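Here is start_34.csv, consisting of CSV, C-alpha atoms and all ligand atoms:
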chain,number,residue,atom,x,y,z
A,10,MET,CA,274.8,-72.1,-109.5
A,11,SER,CA,271.2,-72.8,-110.0
A,12,ASN,CA,271.1,-69.1,-111.3
A,13,LEU,CA,272.1,-70.8,-114.5
A,14,VAL,CA,269.0,-72.9,-114.5
A,15,ASP,CA,266.8,-69.9,-113.6
A,16,ALA,CA,268.4,-67.9,-116.5
A,17,LEU,CA,267.8,-70.7,-118.9
A,18,ARG,CA,264.2,-71.1,-117.8
A,19,GLU,CA,263.5,-67.4,-118.0
A,20,ARG,CA,265.3,-66.5,-121.2
A,21,ARG,CA,265.1,-69.9,-123.0
A,22,THR,CA,268.7,-69.6,-124.0
A,23,LEU,CA,272.1,-69.7,-122.3
A,24,SER,CA,275.7,-68.8,-123.2
A,25,ASP,CA,278.0,-71.6,-124.3
A,26,LYS,CA,279.8,-71.2,-121.0
A,27,GLY,CA,276.6,-71.8,-119.1
A,28,LEU,CA,275.7,-74.8,-121.3
A,29,ARG,CA,279.1,-76.3,-120.7
A,30,GLU,CA,278.6,-75.9,-117.0
A,31,LEU,CA,275.2,-77.7,-117.1
A,32,LEU,CA,276.7,-80.5,-119.2
A,33,GLU,CA,279.9,-81.0,-117.2
A,34,SER,CA,279.2,-80.0,-113.6
A,35,ASP,CA,279.4,-82.5,-110.8
A,36,ASP,CA,277.3,-80.4,-108.6
A,37,GLU,CA,274.3,-82.7,-107.8
A,38,GLY,CA,272.2,-79.8,-106.5
A,39,LEU,CA,272.6,-78.0,-109.9
A,40,VAL,CA,271.6,-81.2,-111.8
A,41,GLU,CA,268.6,-81.7,-109.6
A,42,ALA,CA,267.5,-78.1,-110.1
A,43,LEU,CA,267.9,-78.5,-113.8
A,44,HIS,CA,265.6,-81.6,-113.9
A,45,ARG,CA,263.1,-80.1,-111.4
A,46,ASN,CA,262.7,-76.9,-113.5
A,47,ALA,CA,262.4,-78.9,-116.7
A,48,ARG,CA,259.8,-81.1,-115.1
A,49,GLU,CA,257.8,-78.0,-114.0
A,50,VAL,CA,257.9,-76.5,-117.4
A,51,ALA,CA,256.7,-79.8,-119.0
A,52,VAL,CA,253.9,-80.0,-116.5
A,53,GLU,CA,252.9,-76.3,-117.2
A,54,GLN,CA,252.8,-77.2,-120.9
A,55,PHE,CA,251.2,-80.6,-121.0
A,56,GLY,CA,250.0,-81.4,-117.5
A,57,LYS,CA,251.1,-84.8,-116.0
A,58,VAL,CA,250.0,-86.4,-119.3
A,59,ILE,CA,252.3,-88.6,-121.4
A,60,TRP,CA,251.6,-88.9,-125.1
A,61,LEU,CA,251.9,-92.3,-126.7
A,62,ARG,CA,253.1,-93.0,-130.2
A,63,ALA,CA,252.8,-96.5,-131.7
A,64,LEU,CA,256.2,-97.4,-133.1
A,65,ILE,CA,256.0,-99.8,-136.1
A,66,GLU,CA,259.4,-100.8,-137.4
A,67,TRP,CA,258.3,-101.5,-140.9
A,68,SER,CA,261.6,-102.6,-142.5
A,69,ASN,CA,265.3,-103.2,-141.6
A,70,VAL,CA,266.5,-103.0,-145.2
A,71,CYS,CA,268.9,-100.0,-145.5
A,72,ARG,CA,271.2,-98.7,-148.3
A,73,ASN,CA,273.4,-96.9,-145.8
A,74,ASP,CA,276.3,-98.1,-143.7
A,75,CYS,CA,276.3,-95.8,-140.7
A,76,LEU,CA,279.1,-97.0,-138.5
A,77,TYR,CA,277.0,-97.1,-135.3
A,78,CYS,CA,274.0,-98.9,-136.6
A,79,GLY,CA,273.1,-102.6,-136.2
A,80,ILE,CA,271.0,-102.7,-139.4
A,81,ARG,CA,273.7,-101.1,-141.6
A,82,ARG,CA,274.0,-102.5,-145.1
A,83,SER,CA,277.3,-104.4,-144.3
A,84,ASN,CA,275.8,-106.4,-141.5
A,85,THR,CA,275.1,-109.8,-143.0
A,86,ASN,CA,274.2,-111.4,-139.7
A,87,ILE,CA,270.6,-110.2,-139.5
A,88,VAL,CA,267.5,-111.4,-141.3
A,89,ARG,CA,266.2,-108.6,-143.5
A,90,TYR,CA,262.4,-108.0,-143.5
A,91,SER,CA,259.8,-105.6,-144.6
A,92,LEU,CA,256.3,-105.7,-143.2
A,93,THR,CA,253.5,-106.3,-145.6
A,94,LYS,CA,250.7,-103.8,-146.0
A,95,ASP,CA,248.4,-106.0,-144.0
A,96,GLU,CA,250.9,-106.3,-141.2
A,97,ILE,CA,251.3,-102.5,-141.0
A,98,LEU,CA,247.5,-102.0,-141.1
A,99,GLN,CA,247.0,-104.6,-138.4
A,100,ALA,CA,249.5,-103.0,-136.2
A,101,CYS,CA,247.8,-99.6,-136.7
A,102,ASP,CA,244.4,-101.2,-135.9
A,103,LEU,CA,245.7,-102.7,-132.7
A,104,ALA,CA,247.3,-99.4,-131.7
A,105,TRP,CA,244.1,-97.5,-132.4
A,106,GLN,CA,241.9,-99.9,-130.5
A,107,LEU,CA,244.3,-99.5,-127.5
A,108,GLY,CA,243.8,-95.7,-127.6
A,109,LEU,CA,246.9,-94.5,-129.5
A,110,ARG,CA,246.4,-91.8,-132.0
A,111,THR,CA,249.8,-91.5,-133.6
A,112,PHE,CA,251.4,-94.1,-135.8
A,113,VAL,CA,255.2,-94.0,-136.4
A,114,LEU,CA,256.5,-95.9,-139.4
A,115,GLN,CA,260.2,-96.3,-139.0
A,116,GLY,CA,262.6,-98.1,-141.2
A,117,GLY,CA,266.0,-98.2,-143.0
A,118,GLU,CA,266.8,-95.8,-145.8
A,119,ASN,CA,265.5,-97.3,-149.0
A,120,PRO,CA,264.0,-94.7,-151.4
A,121,PRO,CA,262.3,-97.1,-153.9
A,122,ALA,CA,260.6,-99.0,-151.0
A,123,ALA,CA,259.7,-95.7,-149.4
A,124,GLU,CA,258.0,-94.6,-152.6
A,125,LYS,CA,256.1,-97.9,-152.6
A,126,LEU,CA,254.9,-97.2,-149.1
A,127,THR,CA,252.7,-94.3,-150.6
A,128,PRO,CA,249.5,-96.4,-151.1
A,129,VAL,CA,249.9,-97.9,-147.6
A,130,VAL,CA,250.1,-94.4,-146.1
A,131,ALA,CA,247.1,-93.4,-148.2
A,132,GLU,CA,245.2,-96.4,-146.8
A,133,MET,CA,246.2,-95.5,-143.2
A,134,ARG,CA,245.0,-91.9,-143.8
A,135,ALA,CA,241.7,-93.2,-145.2
A,136,SER,CA,241.1,-95.7,-142.4
A,137,TRP,CA,242.1,-93.3,-139.5
A,138,PRO,CA,241.5,-89.8,-140.7
A,139,GLU,CA,242.1,-88.3,-137.3
A,140,ALA,CA,245.4,-90.1,-136.6
A,141,ALA,CA,248.8,-88.5,-136.9
A,142,ILE,CA,251.0,-90.5,-139.3
A,143,THR,CA,254.7,-90.0,-138.6
A,144,LEU,CA,257.4,-91.4,-140.9
A,145,SER,CA,261.1,-92.0,-140.2
A,146,LEU,CA,262.6,-93.3,-143.4
A,147,GLY,CA,265.8,-91.4,-143.7
A,148,GLU,CA,267.0,-89.2,-146.6
A,149,LEU,CA,264.7,-89.4,-149.6
A,150,PRO,CA,264.4,-87.4,-152.9
A,151,TYR,CA,262.2,-84.3,-152.5
A,152,ASP,CA,259.6,-85.8,-154.8
A,153,THR,CA,259.2,-88.9,-152.6
A,154,TYR,CA,258.8,-86.7,-149.5
A,155,ALA,CA,256.2,-84.8,-151.4
A,156,LEU,CA,254.4,-87.9,-152.5
A,157,LEU,CA,254.3,-89.3,-148.9
A,158,ARG,CA,253.0,-85.9,-147.7
A,159,ARG,CA,250.2,-85.9,-150.3
A,160,SER,CA,249.3,-89.4,-149.3
A,161,GLY,CA,248.5,-88.3,-145.8
A,162,ALA,CA,251.7,-88.5,-143.7
A,163,ASN,CA,252.0,-85.4,-141.6
A,164,ARG,CA,255.1,-85.8,-139.4
A,165,TYR,CA,258.6,-86.8,-140.2
A,166,LEU,CA,261.6,-87.7,-138.0
A,167,LEU,CA,265.1,-87.4,-139.3
A,168,ARG,CA,267.9,-87.1,-136.7
A,169,HIS,CA,270.8,-84.9,-137.6
A,170,GLU,CA,273.0,-87.0,-135.3
A,171,THR,CA,275.6,-84.4,-134.9
A,172,ALA,CA,275.8,-80.7,-136.0
A,173,ASN,CA,279.6,-80.9,-136.5
A,174,PRO,CA,280.4,-81.8,-140.1
A,175,ALA,CA,283.8,-83.3,-139.2
A,176,HIS,CA,282.2,-85.4,-136.4
A,177,TYR,CA,279.4,-86.4,-138.9
A,178,GLY,CA,282.1,-87.7,-141.2
A,179,ARG,CA,283.5,-89.9,-138.5
A,180,LEU,CA,280.2,-91.5,-137.8
A,181,HIS,CA,279.2,-92.1,-141.4
A,182,PRO,CA,280.8,-93.6,-144.5
A,183,ALA,CA,282.2,-91.3,-147.2
A,184,GLY,CA,279.4,-90.0,-149.3
A,185,MET,CA,277.1,-89.2,-146.4
A,186,LYS,CA,277.2,-85.5,-145.7
A,187,LEU,CA,275.6,-83.5,-142.9
A,188,GLU,CA,274.7,-80.8,-145.5
A,189,ASN,CA,272.5,-83.4,-147.3
A,190,ARG,CA,270.8,-84.3,-144.0
A,191,LEU,CA,270.1,-80.6,-143.2
A,192,ALA,CA,268.8,-80.0,-146.7
A,193,CYS,CA,266.4,-82.9,-146.3
A,194,LEU,CA,265.2,-81.5,-143.0
A,195,ARG,CA,264.5,-78.1,-144.7
A,196,SER,CA,262.6,-79.9,-147.5
A,197,ILE,CA,260.5,-81.9,-145.0
A,198,ARG,CA,259.6,-78.7,-143.1
A,199,GLU,CA,258.8,-76.8,-146.3
A,200,LEU,CA,256.4,-79.6,-147.4
A,201,GLY,CA,254.4,-79.0,-144.2
A,202,PHE,CA,255.5,-82.0,-142.1
A,203,LYS,CA,255.8,-81.5,-138.4
A,204,THR,CA,259.5,-82.1,-138.2
A,205,GLY,CA,261.6,-84.0,-135.7
A,206,THR,CA,265.4,-84.2,-135.4
A,207,GLY,CA,267.9,-85.0,-132.7
A,208,MET,CA,271.2,-86.8,-131.9
A,209,MET,CA,273.0,-89.5,-130.1
A,210,VAL,CA,274.6,-88.6,-126.8
A,211,GLY,CA,278.1,-90.1,-126.2
A,212,SER,CA,278.7,-91.2,-129.8
A,213,PRO,CA,282.4,-92.0,-130.5
A,214,PHE,CA,284.6,-88.9,-130.8
A,215,GLN,CA,281.9,-86.6,-129.5
A,216,THR,CA,283.0,-83.7,-127.4
A,217,THR,CA,281.2,-81.2,-125.2
A,218,ASP,CA,281.7,-78.6,-127.9
A,219,ASP,CA,279.8,-81.0,-130.3
A,220,LEU,CA,276.9,-81.3,-127.9
A,221,ILE,CA,276.8,-77.5,-127.5
A,222,ALA,CA,276.7,-77.2,-131.3
A,223,ASP,CA,273.8,-79.8,-131.3
A,224,ILE,CA,271.9,-77.8,-128.7
A,225,ARG,CA,272.4,-74.6,-130.7
A,226,PHE,CA,271.3,-76.3,-133.9
A,227,LEU,CA,268.1,-77.5,-132.2
A,228,GLU,CA,267.6,-74.0,-130.6
A,229,SER,CA,267.7,-72.4,-134.0
A,230,PHE,CA,265.9,-75.1,-136.0
A,231,ARG,CA,263.1,-75.3,-133.4
A,232,PRO,CA,261.9,-78.8,-134.3
A,233,ASP,CA,258.4,-79.9,-133.3
A,234,MET,CA,259.9,-83.2,-132.0
A,235,ILE,CA,263.3,-84.0,-130.6
A,236,GLY,CA,264.6,-87.6,-130.7
A,237,LEU,CA,267.5,-88.0,-128.3
A,238,GLY,CA,269.1,-91.1,-126.9
A,239,PRO,CA,272.5,-92.4,-125.6
A,240,PHE,CA,274.8,-94.1,-128.1
A,241,LEU,CA,274.8,-97.8,-127.5
A,242,PRO,CA,277.3,-100.1,-129.3
A,243,HIS,CA,276.2,-103.0,-131.5
A,244,HIS,CA,278.5,-106.0,-131.8
A,245,ASP,CA,278.2,-106.2,-135.6
A,246,THR,CA,279.4,-102.7,-136.3
A,247,PRO,CA,282.8,-100.9,-136.4
A,248,PHE,CA,281.9,-99.2,-133.1
A,249,ARG,CA,281.4,-102.4,-131.2
A,250,ASP,CA,284.2,-101.6,-128.7
A,251,TYR,CA,283.2,-98.0,-127.9
A,252,PRO,CA,281.6,-97.4,-124.6
A,253,ALA,CA,277.9,-96.5,-124.3
A,254,GLY,CA,276.9,-92.9,-123.9
A,255,SER,CA,275.9,-91.7,-120.4
A,256,ALA,CA,272.3,-91.8,-119.2
A,257,ASP,CA,273.1,-88.9,-116.8
A,258,LEU,CA,274.2,-86.7,-119.7
A,259,THR,CA,271.3,-87.7,-121.8
A,260,LEU,CA,268.9,-86.7,-119.0
A,261,ARG,CA,270.6,-83.3,-118.6
A,262,ILE,CA,270.2,-82.6,-122.3
A,263,TYR,CA,266.5,-83.5,-122.1
A,264,SER,CA,266.1,-80.9,-119.4
A,265,ILE,CA,268.1,-78.3,-121.2
A,266,LEU,CA,266.0,-78.7,-124.3
A,267,ARG,CA,262.8,-78.7,-122.4
A,268,LEU,CA,263.8,-75.3,-120.9
A,269,MET,CA,264.8,-74.0,-124.3
A,270,LEU,CA,261.9,-75.4,-126.3
A,271,PRO,CA,259.0,-75.8,-123.8
A,272,GLN,CA,256.5,-77.0,-126.5
A,273,ALA,CA,258.7,-79.6,-128.1
A,274,TRP,CA,257.6,-83.3,-128.1
A,275,ILE,CA,260.5,-85.1,-126.4
A,276,PRO,CA,260.2,-88.9,-126.2
A,277,ALA,CA,261.9,-90.8,-123.3
A,278,THR,CA,263.6,-93.1,-125.8
A,279,THR,CA,264.0,-96.9,-125.9
A,280,ALA,CA,267.8,-96.4,-125.9
A,281,LEU,CA,267.6,-94.7,-122.6
A,282,ALA,CA,265.4,-97.4,-121.2
A,283,THR,CA,268.0,-99.9,-122.4
A,284,LEU,CA,270.8,-98.2,-120.6
A,285,ARG,CA,268.9,-98.0,-117.3
A,286,PRO,CA,265.8,-99.9,-116.2
A,287,ASP,CA,264.0,-96.8,-115.0
A,288,GLY,CA,265.1,-94.9,-118.1
A,289,ARG,CA,261.5,-94.0,-119.2
A,290,THR,CA,260.4,-92.6,-115.9
A,291,ALA,CA,263.8,-90.9,-115.4
A,292,GLY,CA,263.3,-89.3,-118.8
A,293,ILE,CA,259.9,-88.0,-117.9
A,294,LEU,CA,261.1,-86.6,-114.6
A,295,ALA,CA,263.8,-84.8,-116.6
A,296,GLY,CA,261.2,-83.2,-118.9
A,297,ALA,CA,260.3,-85.7,-121.6
A,298,ASN,CA,256.6,-86.0,-122.5
A,299,VAL,CA,256.3,-88.8,-125.0
A,300,VAL,CA,256.7,-92.6,-124.9
A,301,MET,CA,256.7,-94.8,-128.0
A,302,PRO,CA,255.5,-98.3,-127.3
A,303,ASN,CA,256.5,-100.9,-129.8
A,304,PHE,CA,253.7,-102.2,-132.1
A,305,THR,CA,256.1,-104.1,-134.5
A,306,PRO,CA,254.9,-107.7,-134.7
A,307,VAL,CA,256.7,-109.6,-131.9
A,308,GLU,CA,258.4,-112.1,-134.2
A,309,ARG,CA,260.1,-109.2,-136.2
A,310,ARG,CA,261.5,-107.2,-133.2
A,311,ASP,CA,264.8,-109.1,-132.9
A,312,SER,CA,265.7,-108.2,-136.5
A,313,TYR,CA,265.4,-104.5,-135.8
A,314,ALA,CA,268.3,-104.3,-133.4
A,315,LEU,CA,270.0,-100.9,-134.0
A,316,TYR,CA,272.2,-101.6,-130.9
A,317,ASP,CA,272.9,-104.4,-128.4
A,318,GLY,CA,270.6,-105.1,-125.5
A,319,LYS,CA,267.7,-103.1,-127.1
A,320,SER,CA,264.8,-103.0,-124.7
A,321,ARG,CA,262.3,-105.0,-126.8
A,322,PRO,CA,259.6,-106.5,-124.7
A,323,GLY,CA,258.5,-109.9,-126.1
A,324,ALA,CA,255.1,-109.2,-124.6
A,325,GLU,CA,252.2,-108.3,-126.9
A,326,ALA,CA,251.4,-104.6,-127.1
A,327,ALA,CA,248.4,-104.6,-124.8
A,328,GLU,CA,250.4,-106.1,-122.0
A,329,THR,CA,253.3,-103.7,-122.6
A,330,LEU,CA,251.0,-100.8,-122.5
A,331,GLN,CA,249.5,-101.9,-119.2
A,332,GLN,CA,253.0,-102.2,-117.7
A,333,LEU,CA,253.8,-98.7,-119.0
A,334,LYS,CA,250.7,-97.2,-117.5
A,335,SER,CA,251.6,-98.8,-114.1
A,336,GLU,CA,255.1,-97.4,-114.4
A,337,LEU,CA,253.8,-93.9,-115.1
A,338,ASP,CA,251.3,-94.3,-112.2
A,339,THR,CA,254.2,-94.7,-109.8
A,340,ILE,CA,255.5,-91.2,-110.6
A,341,GLY,CA,252.1,-89.6,-110.7
A,342,TYR,CA,251.7,-89.4,-114.5
A,343,HIS,CA,249.1,-90.9,-116.9
A,344,VAL,CA,248.4,-91.3,-120.6
B,1,LIG,S1,271.2,-95.3,-138.9
B,1,LIG,FE1,269.5,-95.3,-140.4
B,1,LIG,S2,270.4,-94.8,-142.3
B,1,LIG,FE2,272.1,-95.4,-141.0
B,1,LIG,S3,272.4,-97.6,-141.4
B,1,LIG,FE3,271.0,-97.4,-139.6
B,1,LIG,S4,268.9,-97.5,-140.5
B,1,LIG,FE4,270.4,-97.0,-142.2
What would you get if you wrote out this structure as structure tokens?
Amino acid sequence: MSNLVDALRERRTLSDKGLRELLESDDEGLVEALHRNAREVAVEQFGKVIWLRALIEWSNVCRNDCLYCGIRRSNTNIVRYSLTKDEILQACDLAWQLGLRTFVLQGGENPPAAEKLTPVVAEMRASWPEAAITLSLGELPYDTYALLRRSGANRYLLRHETANPAHYGRLHPAGMKLENRLACLRSIRELGFKTGTGMMVGSPFQTTDDLIADIRFLESFRPDMIGLGPFLPHHDTPFRDYPAGSADLTLRIYSILRLMLPQAWIPATTALATLRPDGRTAGILAGANVVMPNFTPVERRDSYALYDGKSRPGAEAAETLQQLKSELDTIGYHV
């Protein structure tokens, strides 16, 4: 059976039948071979080095109402906030001092506010010319993407969430369309951003066929970064009673994608670390090569709960970073 893994590693693709087997098999030896091969490919590409990205959750104000998301517009039980320019720059400064060279500004979808972020991005670019500036601000007009790009942002993350339009329709309110999301991804790439996309694993109504379609989409789109985490329910959303996605399945998909797209940046996500305490190291041992420590001011972190139980250390960034380095050390990796 591990012939499947060998074939995937060698050819960087696999039939739908083979993918289904890798996703559904209860053969532990096969799963172990999948993770081991993915790990070897990641080490060939990057060494035993994990890349850190400083996550700054700049605003939880969002115009959308995605059915799975704790900061959806309809949730009136959270305190809305947007970080000030000074708060953002202070977070970047701290991250830079601690050795991080990529800032990730993530927030709800709010086009007017995104446009107003332009001078902040320009100031970040002027202050840290060598840093990578990643944005994750949802679907925006082309001109706003272009403005942000000209201001100095050079990477953009926009998860497609599911490549099946009917499934997309069950996760999002009427009016949100997969085709718009994909058009945004094409615009982002055309503007020269390094582009990231990805999906939830185990979202309500998802089937193995949907996951295979997701993997095929990623295989053909070839994103520079892949954001992938298990679905986790939030108590103030319509999906509050749906079960969480599976960590095991998420890890299998990390490994499949590492074998398909050896050079992709794949973070071991916070959602995975929320589902199981060793999620970050398990993710790395399955082929992930990025971790995104949280640099959002501690007092704001509770208001950015996309799902319940989110792993959000109350500790300051320096302390969290030290813990992370020790964790990585236990599996023989370093930053
Ligand atoms: S998933 Fe993103 S776009 Fe959807 S409600 Fe949450 S923050 Fe807004």
For the interface of chain A with ligand LIG 1 (chain B) (cut-off 7 Å, counting only C-alpha atoms and all ligand atoms), please tabulate each contacting residue of chain A alongside its nearest pair of atoms and their separation in Å to one decimal, rows sorted by chain and increasing number, as JSON lines.
{"residue": "A:Asn69", "atom": "CA", "partner": "B:LIG1", "partner_atom": "S4", "distance": 6.8}
{"residue": "A:Cys71", "atom": "CA", "partner": "B:LIG1", "partner_atom": "FE4", "distance": 4.7}
{"residue": "A:Arg72", "atom": "CA", "partner": "B:LIG1", "partner_atom": "FE4", "distance": 6.4}
{"residue": "A:Asn73", "atom": "CA", "partner": "B:LIG1", "partner_atom": "S3", "distance": 4.6}
{"residue": "A:Asp74", "atom": "CA", "partner": "B:LIG1", "partner_atom": "S3", "distance": 4.6}
{"residue": "A:Cys75", "atom": "CA", "partner": "B:LIG1", "partner_atom": "FE2", "distance": 4.2}
{"residue": "A:Cys78", "atom": "CA", "partner": "B:LIG1", "partner_atom": "FE3", "distance": 4.5}
{"residue": "A:Gly79", "atom": "CA", "partner": "B:LIG1", "partner_atom": "FE3", "distance": 6.6}
{"residue": "A:Ile80", "atom": "CA", "partner": "B:LIG1", "partner_atom": "FE3", "distance": 5.3}
{"residue": "A:Arg81", "atom": "CA", "partner": "B:LIG1", "partner_atom": "S3", "distance": 3.7}
{"residue": "A:Arg82", "atom": "CA", "partner": "B:LIG1", "partner_atom": "S3", "distance": 6.3}
{"residue": "A:Gly116", "atom": "CA", "partner": "B:LIG1", "partner_atom": "S4", "distance": 6.4}
{"residue": "A:Gly117", "atom": "CA", "partner": "B:LIG1", "partner_atom": "S4", "distance": 3.9}
{"residue": "A:Glu118", "atom": "CA", "partner": "B:LIG1", "partner_atom": "S2", "distance": 5.1}
{"residue": "A:Gly147", "atom": "CA", "partner": "B:LIG1", "partner_atom": "S2", "distance": 5.9}
{"residue": "A:Leu315", "atom": "CA", "partner": "B:LIG1", "partner_atom": "FE3", "distance": 6.7}
Could you write out as JSON the box around range 69-76 of chain A (axis-aligned, all atoms listed in the file, 3 Å on each side), with centre and edge lengths in Å to one decimal?
{"center_x": 272.2, "center_y": -99.5, "center_z": -143.4, "size_x": 19.8, "size_y": 13.4, "size_z": 15.8}
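Using all atoms listed in the file, the smallest distance between any of A:Asp35, A:Arg289, A:Val299, A:Leu98 and Ser136 in chain A comes from A:Leu98.
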- request: Measure the distance from CA of Ile340 in chain A to CA of Ala42 in chain A in Å and round it to one decimal.
  value: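 Spanning CA of Ile340 in chain A to CA of Ala42 in chain A is a straight-line distance of 17.8 Å.
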- prompt: For Ala295 in chain A, which residue out of A:Ala135, A:Leu157, A:Val52, A:Ala222 is the nearest one, using only C-alpha atoms?
  reply: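 Result for the nearest residue to Ala295 in chain A: A:Val52.
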message: Using Å and a single decimal, report how far CA of Leu31 in chain A sits from CA of Thr204 in chain A.
response: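 Atom-to-atom, CA of Thr204 in chain A to CA of Leu31 in chain A, that is 26.7 Å.
Using all atoms listed in the file, the nearest neighbour of Phe55 in chain A within the list A:Ile221, A:Ala314, A:Leu180, A:Ala297 is A:Ala297.
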message: Can you pull out the residues contacting Leu23 in chain A? Cut-off 12 Å, using all atoms listed in the file, and skip same-chain residues under 2 positions away; I want them as a PyMOL selection string.
response: chain A and resi 12-21+25-31+221+224-225+228+265-266+268-269
message: Using only C-alpha atoms, can you tell me which of A:Arg48, A:Leu61, A:Tyr316, A:Val70 comes closest to Lys334 in chain A?
response: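 Of A:Arg48, A:Leu61, A:Tyr316, A:Val70, the one nearest Lys334 in chain A, counting only C-alpha atoms, is A:Leu61.
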task: Rounded to one decimal place, report the CA of Tyr177 in chain A-CA of Glu33 in chain A distance in Å.
output: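 Straight-line distance from CA of Tyr177 in chain A to CA of Glu33 in chain A works out to 22.4 Å.
The nearest approach to Ile87 in chain A among the residues A:Arg309, A:Gly178, A:Lys203, A:Leu149, with all atoms listed in the file taken into account, belongs to A:Arg309.
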task: Select all residues near (267.6, -94.4, -122.7) (cut-off 8 Å, inclusive, file coordinates), counting all atoms listed in the file, and output them as a list of chain:residue names.
output: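 Counting all atoms listed in the file, I find these residues within 8 Å of (267.6, -94.4, -122.7): A:Gly238, A:Pro239, A:Ala256, A:Thr259, A:Ala277, A:Thr278, A:Thr279, A:Ala280, A:Leu281, A:Ala282, A:Thr283, A:Leu284, A:Arg285, A:Gly288, A:Arg289, A:Gly292.
Closest approach to Thr290 in chain A from the set A:Ala326, A:Ala47, A:Ile59, A:Leu237 is made by A:Ile59, with distances taken over all atoms listed in the file.
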field: Distance query Gly211 in chain A at most 7 Å, only C-alpha atoms, self and fewer than 3 positions along chain excluded, as a PyMOL selection string
entry: chain A and resi 215+239-240+253-255
